[in-house]
Amino acid sequence: MLTRKQFDILVLLSENKTPSQRIIAERSGYSLGTVNKTIRALFDENYIFEGALTQKGREALEPYRAKRAIFLAAGVGSRLMPVTLNTPKPLVRVNGVRMLDGLIDACLAVGIEELYVTRGYFAEQFDQLLLKYPMIKFIENPVFNETNDISSAYYARHLMQNAYVFESDLILYRPELIKKYHYTSDFLGVYKERSDDWCFDAKDGVITAEKYGGFNCYQMIGISYWNAEDGAKLEEHIAQAYELPGGRERYWEQAPLTVFHDQYRVEIIPCQEGDVAEIDTYKELKAIDPAYAAFQ
């Protein structure tokens, strides 16, 4: 297993052609001394040679690679009516592009080609995605109209290892937020002095609690990654949370972050306001795409 410093520097070397140690220090946040010492250790282990990854170095990163993505896309999207009256929310076009397309394209850009879409509301309409993305596999959610999004996670729970999980009503303005490699499980969040939405408390970069509203917290962005160990646990924990009294009304991430929070260590990945937009309501849709104002 790589140390965190080894991982961070190997990832930087995998993304760039022989960057200088100064550039590595600037991008990693480590001191030049730390970078120099870590690079020597990586060289001694035959993970790098002449500033580039060896085959052994690439193999060392393989357990940390994102291998699949799951898009939770089964819901009705009632707050986006009338646009969703005959169209699933993730397939709504915003400035001419389906919401789901931006998320899928970001995954493909970093080599994630194992793609799963949970579907329920107007399920057959998702077949149109296959014309552009023939690698997609669909997961049917027969109870989408009776539960919260935990039911979609329930039917996809066996696929959570080394996997991204996306809410599918997001506009991703910074696709580079989707990473090829992850050292641990993580969740995107925007720091807020005050939030009136779902948010996380965090300490030393690790999520300690999920709650609705708070101060000096991270507002949740519905993009998370789950490593192999946590993904294996999720298969059981999502099923258990789903079967608890009131479990079908939960949001899916409450299984690891609330119900079984003591069994997970999930890091927060800070991003900025405007990096990702969540479209919950018709008003928010019109603000992003003025073409919809004509249909009010």
# chains A, B, ... in the order shown; residues from 1 in each chain; ligands from 1

call {"tool": "closest_atom_pairs", "arguments": {"of": "region 122-169 of chain A", "to": "region 268-284 of chain A", "cutoff": "10 Å", "atoms": "only C-alpha atoms", "output": "JSON lines"}}
result
{"residue": "A:Glu167", "atom": "CA", "partner": "A:Glu278", "partner_atom": "CA", "distance": 9.0}
{"residue": "A:Ser168", "atom": "CA", "partner": "A:Glu278", "partner_atom": "CA", "distance": 9.0}
{"residue": "A:Asp169", "atom": "CA", "partner": "A:Ile279", "partner_atom": "CA", "distance": 5.8}

call {"tool": "write_last_selection", "arguments": {"atoms": "N, CA and C atoms", "output": "mmCIF file, in the first residue's frame"}}
result
data_model
loop_
_atom_site.group_PDB
_atom_site.id
_atom_site.type_symbol
_atom_site.label_atom_id
_atom_site.label_comp_id
_atom_site.auth_asym_id
_atom_site.auth_seq_id
_atom_site.Cartn_x
_atom_site.Cartn_y
_atom_site.Cartn_z
ATOM 1 N N GLU A 167 -25.498 11.984 -8.254
ATOM 2 C CA GLU A 167 -26.837 12.464 -8.521
ATOM 3 C C GLU A 167 -26.845 12.921 -9.970
ATOM 4 N N SER A 168 -27.981 12.808 -10.623
ATOM 5 C CA SER A 168 -27.988 13.029 -12.077
ATOM 6 C C SER A 168 -28.661 14.326 -12.496
ATOM 7 N N ASP A 169 -28.800 15.271 -11.547
ATOM 8 C CA ASP A 169 -29.389 16.564 -11.888
ATOM 9 C C ASP A 169 -28.357 17.678 -11.707
#

call {"tool": "residues_around", "arguments": {"residues": "Trp226 (chain A)", "least_positions_apart": "3", "cutoff": "9 Å", "atoms": "only C-alpha atoms", "output": "ChimeraX atom specification"}}
result
/A:66,160-165,182,184-187,229-231,234,266

call {"tool": "write_last_selection", "arguments": {"atoms": "N, CA and C atoms", "output": "PDB file, in the first residue's frame"}}
result
ATOM      1  N   ALA A  66     -10.425   4.713 -10.253  1.00  0.00           N
ATOM      2  CA  ALA A  66     -11.891   4.675 -10.367  1.00  0.00           C
ATOM      3  C   ALA A  66     -12.246   3.784 -11.552  1.00  0.00           C
ATOM      4  N   MET A 160     -20.554  -0.851  -5.942  1.00  0.00           N
ATOM      5  CA  MET A 160     -20.039   0.352  -5.300  1.00  0.00           C
ATOM      6  C   MET A 160     -18.518   0.368  -5.114  1.00  0.00           C
ATOM      7  N   GLN A 161     -17.832  -0.719  -5.366  1.00  0.00           N
ATOM      8  CA  GLN A 161     -16.387  -0.743  -5.130  1.00  0.00           C
ATOM      9  C   GLN A 161     -15.637   0.004  -6.224  1.00  0.00           C
ATOM     10  N   ASN A 162     -14.697   0.888  -5.818  1.00  0.00           N
ATOM     11  CA  ASN A 162     -13.940   1.715  -6.764  1.00  0.00           C
ATOM     12  C   ASN A 162     -14.888   2.439  -7.713  1.00  0.00           C
ATOM     13  N   ALA A 163     -15.919   3.039  -7.121  1.00  0.00           N
ATOM     14  CA  ALA A 163     -16.998   3.599  -7.934  1.00  0.00           C
ATOM     15  C   ALA A 163     -17.350   5.025  -7.539  1.00  0.00           C
ATOM     16  N   TYR A 164     -17.610   5.838  -8.556  1.00  0.00           N
ATOM     17  CA  TYR A 164     -18.270   7.112  -8.364  1.00  0.00           C
ATOM     18  C   TYR A 164     -19.775   6.873  -8.255  1.00  0.00           C
ATOM     19  N   VAL A 165     -20.432   7.680  -7.433  1.00  0.00           N
ATOM     20  CA  VAL A 165     -21.892   7.703  -7.394  1.00  0.00           C
ATOM     21  C   VAL A 165     -22.321   9.153  -7.619  1.00  0.00           C
ATOM     22  N   HIS A 182      -8.020   7.847  -6.556  1.00  0.00           N
ATOM     23  CA  HIS A 182      -8.459   8.319  -5.237  1.00  0.00           C
ATOM     24  C   HIS A 182      -7.761   7.495  -4.169  1.00  0.00           C
ATOM     25  N   THR A 184      -8.707   7.510  -0.977  1.00  0.00           N
ATOM     26  CA  THR A 184      -9.736   7.016  -0.066  1.00  0.00           C
ATOM     27  C   THR A 184     -11.097   7.454  -0.583  1.00  0.00           C
ATOM     28  N   SER A 185     -12.151   7.065   0.098  1.00  0.00           N
ATOM     29  CA  SER A 185     -13.496   7.507  -0.277  1.00  0.00           C
ATOM     30  C   SER A 185     -13.618   9.001  -0.023  1.00  0.00           C
ATOM     31  N   ASP A 186     -14.428   9.668  -0.851  1.00  0.00           N
ATOM     32  CA  ASP A 186     -14.538  11.116  -0.696  1.00  0.00           C
ATOM     33  C   ASP A 186     -15.862  11.634  -1.236  1.00  0.00           C
ATOM     34  N   PHE A 187     -16.180  12.868  -0.837  1.00  0.00           N
ATOM     35  CA  PHE A 187     -17.423  13.532  -1.219  1.00  0.00           C
ATOM     36  C   PHE A 187     -17.102  14.984  -1.534  1.00  0.00           C
ATOM     37  N   GLU A 229     -12.668  -1.055  -0.278  1.00  0.00           N
ATOM     38  CA  GLU A 229     -13.062  -1.495   1.064  1.00  0.00           C
ATOM     39  C   GLU A 229     -14.434  -0.949   1.451  1.00  0.00           C
ATOM     40  N   ASP A 230     -14.625   0.358   1.270  1.00  0.00           N
ATOM     41  CA  ASP A 230     -15.904   0.959   1.646  1.00  0.00           C
ATOM     42  C   ASP A 230     -17.030   0.496   0.724  1.00  0.00           C
ATOM     43  N   GLY A 231     -16.714   0.322  -0.550  1.00  0.00           N
ATOM     44  CA  GLY A 231     -17.735  -0.152  -1.475  1.00  0.00           C
ATOM     45  C   GLY A 231     -18.253  -1.521  -1.112  1.00  0.00           C
ATOM     46  N   LEU A 234     -20.610  -1.094   1.724  1.00  0.00           N
ATOM     47  CA  LEU A 234     -21.866  -0.454   1.318  1.00  0.00           C
ATOM     48  C   LEU A 234     -22.899  -1.468   0.822  1.00  0.00           C
ATOM     49  N   VAL A 266     -14.563   9.117   5.338  1.00  0.00           N
ATOM     50  CA  VAL A 266     -14.814   9.737   4.043  1.00  0.00           C
ATOM     51  C   VAL A 266     -14.257  11.158   4.051  1.00  0.00           C
TER      52      VAL A 266
END

call {"tool": "residues_around", "arguments": {"residues": "region 29-46 of chain A", "least_positions_apart": "4", "cutoff": "7 Å", "atoms": "only C-alpha atoms", "output": "count of residues only"}}
result
7

call {"tool": "residues_around", "arguments": {"residues": "region 98-104 of chain A", "least_positions_apart": "2", "cutoff": "9 Å", "atoms": "only C-alpha atoms", "output": "list in words"}}
result
Ala69, Phe71, Ala73, Lys89, Pro90, Leu91, Val92, Arg93, Val94, Asn95, Gly96, Ala106, Cys107, Leu108, Ala109, Ile112, Glu113, Leu115, Leu129, Tyr133, Phe166, Ser168, Asp169, Leu170, Ile171, Leu172, Tyr173, Pro175 and Ile178 of chain A

call {"tool": "select_by_dssp", "arguments": {"residues": "region 52-276 of chain A", "states": "helix (DSSP H, G or I)", "output": "ChimeraX atom specification"}}
result
/A:55-64,78-80,83-85,89-91,99-109,123-132,150-159,175-177,228-243,247-249,254-259,261-263

call {"tool": "select_by_dssp", "arguments": {"residues": "region 130-237 of chain A", "states": "strand (DSSP E)", "output": "PyMOL selection string"}}
result
chain A and resi 137-140+163-167+170-172+186-203+206-226

call {"tool": "atom_distance", "arguments": {"atom1": "CA of Ser152 (chain A)", "atom2": "CA of Gln219 (chain A)"}}
result
22.4 Å

call {"tool": "residues_around", "arguments": {"residues": "region 238-242 of chain A", "least_positions_apart": "5", "cutoff": "8 Å", "atoms": "only C-alpha atoms", "output": "NGL selection string"}}
result
:A and (150-151 or 153-154 or 157 or 247-248 or 250 or 252 or 255-256 or 259)

call {"tool": "write_last_selection", "arguments": {"atoms": "N, CA and C atoms", "output": "PDB file, in the first residue's frame"}}
result
ATOM      1  N   ILE A 150     -32.520   6.151  -2.012  1.00  0.00           N
ATOM      2  CA  ILE A 150     -31.848   4.980  -1.457  1.00  0.00           C
ATOM      3  C   ILE A 150     -32.255   3.706  -2.193  1.00  0.00           C
ATOM      4  N   SER A 151     -33.443   3.696  -2.799  1.00  0.00           N
ATOM      5  CA  SER A 151     -33.845   2.499  -3.536  1.00  0.00           C
ATOM      6  C   SER A 151     -32.977   2.297  -4.774  1.00  0.00           C
ATOM      7  N   ALA A 153     -29.820   3.219  -5.021  1.00  0.00           N
ATOM      8  CA  ALA A 153     -28.560   2.704  -4.491  1.00  0.00           C
ATOM      9  C   ALA A 153     -28.706   1.241  -4.077  1.00  0.00           C
ATOM     10  N   TYR A 154     -29.875   0.876  -3.569  1.00  0.00           N
ATOM     11  CA  TYR A 154     -30.124  -0.506  -3.157  1.00  0.00           C
ATOM     12  C   TYR A 154     -29.958  -1.464  -4.339  1.00  0.00           C
ATOM     13  N   ARG A 157     -26.194  -1.605  -5.315  1.00  0.00           N
ATOM     14  CA  ARG A 157     -25.258  -1.664  -4.188  1.00  0.00           C
ATOM     15  C   ARG A 157     -24.103  -2.637  -4.412  1.00  0.00           C
ATOM     16  N   GLY A 247     -36.620   3.481   6.481  1.00  0.00           N
ATOM     17  CA  GLY A 247     -35.416   3.434   5.660  1.00  0.00           C
ATOM     18  C   GLY A 247     -35.639   3.810   4.215  1.00  0.00           C
ATOM     19  N   ARG A 248     -36.808   3.527   3.701  1.00  0.00           N
ATOM     20  CA  ARG A 248     -37.068   3.822   2.288  1.00  0.00           C
ATOM     21  C   ARG A 248     -37.229   5.312   2.018  1.00  0.00           C
ATOM     22  N   ARG A 250     -35.046   7.472   3.280  1.00  0.00           N
ATOM     23  CA  ARG A 250     -33.730   8.067   3.454  1.00  0.00           C
ATOM     24  C   ARG A 250     -33.095   8.441   2.120  1.00  0.00           C
ATOM     25  N   TRP A 252     -29.640   8.080   0.045  1.00  0.00           N
ATOM     26  CA  TRP A 252     -28.783   6.893   0.036  1.00  0.00           C
ATOM     27  C   TRP A 252     -27.514   7.086   0.864  1.00  0.00           C
ATOM     28  N   ALA A 255     -26.767   6.073   4.630  1.00  0.00           N
ATOM     29  CA  ALA A 255     -26.323   4.751   5.088  1.00  0.00           C
ATOM     30  C   ALA A 255     -24.886   4.823   5.603  1.00  0.00           C
ATOM     31  N   PRO A 256     -23.916   5.302   4.792  1.00  0.00           N
ATOM     32  CA  PRO A 256     -22.552   5.369   5.321  1.00  0.00           C
ATOM     33  C   PRO A 256     -22.268   6.574   6.210  1.00  0.00           C
ATOM     34  N   VAL A 259     -26.207   6.321   9.392  1.00  0.00           N
ATOM     35  CA  VAL A 259     -26.593   5.067  10.047  1.00  0.00           C
ATOM     36  C   VAL A 259     -25.363   4.273  10.495  1.00  0.00           C
TER      37      VAL A 259
END

call {"tool": "closest_residue", "arguments": {"among": "A:Pro19, A:Gly214, A:Gly75, A:Gly246", "to": "Leu53 (chain A)", "atoms": "only C-alpha atoms"}}
result
A:Pro19

call {"tool": "closest_residue", "arguments": {"among": "A:Asp127, A:Phe122, A:Pro88, A:Leu12", "to": "Glu26 (chain A)", "atoms": "only C-alpha atoms"}}
result
A:Leu12

call {"tool": "atom_distance", "arguments": {"atom1": "CA of Ser224 (chain A)", "atom2": "CA of Phe200 (chain A)"}}
result
12.9 Å

call {"tool": "residues_around", "arguments": {"residues": "Ile139 (chain A)", "least_positions_apart": "6", "cutoff": "9 Å", "atoms": "only C-alpha atoms", "output": "PyMOL selection string"}}
result
chain A and resi 116-120+152+155-156

call {"tool": "write_last_selection", "arguments": {"atoms": "C-alpha atoms", "output": "short mmCIF file (atom, residue, chain, number, x, y, z; two decimals), in the first residue's frame"}}
result
data_model
loop_
_atom_site.label_atom_id
_atom_site.label_comp_id
_atom_site.auth_asym_id
_atom_site.auth_seq_id
_atom_site.Cartn_x
_atom_site.Cartn_y
_atom_site.Cartn_z
CA TYR A 116 -24.48 2.27 -14.89
CA VAL A 117 -27.67 4.32 -14.93
CA THR A 118 -30.50 3.53 -12.54
CA ARG A 119 -33.82 4.31 -14.16
CA GLY A 120 -37.51 4.28 -13.30
CA SER A 152 -31.69 3.25 -6.60
CA TYR A 155 -30.43 -1.98 -6.65
CA ALA A 156 -26.88 -0.84 -7.53
#

call {"tool": "closest_residue", "arguments": {"among": "A:Glu124, A:Glu243, A:Glu267, A:Glu176", "to": "Val206 (chain A)", "atoms": "only C-alpha atoms"}}
result
A:Glu267

call {"tool": "closest_residue", "arguments": {"among": "A:Lys17, A:Val97, A:Tyr183, A:Leu72", "to": "Glu50 (chain A)", "atoms": "only C-alpha atoms"}}
result
A:Lys17

call {"tool": "closest_residue", "arguments": {"among": "A:Ile288, A:Ala294, A:Ile70, A:Val110", "to": "Lys179 (chain A)", "atoms": "only C-alpha atoms"}}
result
A:Val110

call {"tool": "decode", "arguments": {"residues": "region 122-151 of chain A", "atoms": "N, CA and C atoms", "output": "compact mmCIF listing (two decimals), in the first residue's frame"}}
result
# COMPACT_ATOMS: atom_id res chain seq x y z
N PHE A 122 -40.27 7.06 -16.74
CA PHE A 122 -40.10 7.03 -18.20
C PHE A 122 -38.79 6.32 -18.56
N ALA A 123 -38.63 5.12 -18.01
CA ALA A 123 -37.37 4.39 -18.14
C ALA A 123 -36.93 4.21 -19.58
N GLU A 124 -37.89 3.96 -20.47
CA GLU A 124 -37.53 3.67 -21.86
C GLU A 124 -36.84 4.85 -22.55
N GLN A 125 -37.06 6.07 -22.05
CA GLN A 125 -36.44 7.22 -22.69
C GLN A 125 -34.92 7.23 -22.53
N PHE A 126 -34.41 6.55 -21.53
CA PHE A 126 -32.96 6.49 -21.33
C PHE A 126 -32.26 5.69 -22.43
N ASP A 127 -33.01 4.91 -23.19
CA ASP A 127 -32.40 4.16 -24.29
C ASP A 127 -31.71 5.09 -25.29
N GLN A 128 -32.17 6.34 -25.38
CA GLN A 128 -31.55 7.28 -26.31
C GLN A 128 -30.08 7.49 -26.00
N LEU A 129 -29.68 7.30 -24.75
CA LEU A 129 -28.28 7.48 -24.38
C LEU A 129 -27.37 6.49 -25.10
N LEU A 130 -27.88 5.34 -25.47
CA LEU A 130 -27.07 4.30 -26.08
C LEU A 130 -26.54 4.71 -27.45
N LEU A 131 -27.19 5.64 -28.10
CA LEU A 131 -26.70 6.10 -29.41
C LEU A 131 -25.35 6.79 -29.27
N LYS A 132 -25.17 7.51 -28.17
CA LYS A 132 -23.91 8.22 -27.92
C LYS A 132 -23.00 7.43 -27.00
N TYR A 133 -23.59 6.66 -26.07
CA TYR A 133 -22.80 5.95 -25.05
C TYR A 133 -23.21 4.48 -25.05
N PRO A 134 -22.77 3.70 -26.02
CA PRO A 134 -23.22 2.31 -26.11
C PRO A 134 -22.73 1.43 -24.96
N MET A 135 -21.78 1.93 -24.17
CA MET A 135 -21.26 1.12 -23.06
C MET A 135 -22.15 1.16 -21.82
N ILE A 136 -23.16 2.01 -21.79
CA ILE A 136 -24.01 2.15 -20.61
C ILE A 136 -24.82 0.88 -20.37
N LYS A 137 -24.92 0.52 -19.09
CA LYS A 137 -25.83 -0.55 -18.67
C LYS A 137 -26.87 0.07 -17.73
N PHE A 138 -28.10 -0.40 -17.86
CA PHE A 138 -29.19 0.14 -17.07
C PHE A 138 -29.53 -0.77 -15.90
N ILE A 139 -29.91 -0.15 -14.79
CA ILE A 139 -30.37 -0.85 -13.60
C ILE A 139 -31.79 -0.38 -13.33
N GLU A 140 -32.73 -1.29 -13.36
CA GLU A 140 -34.13 -0.92 -13.21
C GLU A 140 -34.48 -0.74 -11.73
N ASN A 141 -35.21 0.32 -11.45
CA ASN A 141 -35.71 0.58 -10.10
C ASN A 141 -37.24 0.53 -10.14
N PRO A 142 -37.83 -0.58 -9.75
CA PRO A 142 -39.29 -0.72 -9.87
C PRO A 142 -40.07 0.03 -8.81
N VAL A 143 -39.39 0.57 -7.78
CA VAL A 143 -40.11 1.24 -6.68
C VAL A 143 -39.73 2.71 -6.60
N PHE A 144 -39.27 3.29 -7.72
CA PHE A 144 -38.77 4.66 -7.72
C PHE A 144 -39.82 5.66 -7.24
N ASN A 145 -41.09 5.35 -7.47
CA ASN A 145 -42.17 6.30 -7.14
C ASN A 145 -42.66 6.13 -5.71
N GLU A 146 -42.07 5.20 -4.96
CA GLU A 146 -42.52 4.92 -3.60
C GLU A 146 -41.45 5.20 -2.56
N THR A 147 -40.24 5.53 -3.00
CA THR A 147 -39.11 5.64 -2.08
C THR A 147 -38.27 6.87 -2.42
N ASN A 148 -37.28 7.13 -1.56
CA ASN A 148 -36.28 8.15 -1.88
C ASN A 148 -35.17 7.49 -2.71
N ASP A 149 -34.06 8.22 -2.95
CA ASP A 149 -33.05 7.68 -3.86
C ASP A 149 -32.29 6.50 -3.28
N ILE A 150 -32.52 6.15 -2.01
CA ILE A 150 -31.85 4.98 -1.46
C ILE A 150 -32.25 3.71 -2.19
N SER A 151 -33.44 3.70 -2.80
CA SER A 151 -33.85 2.50 -3.54
C SER A 151 -32.98 2.30 -4.77
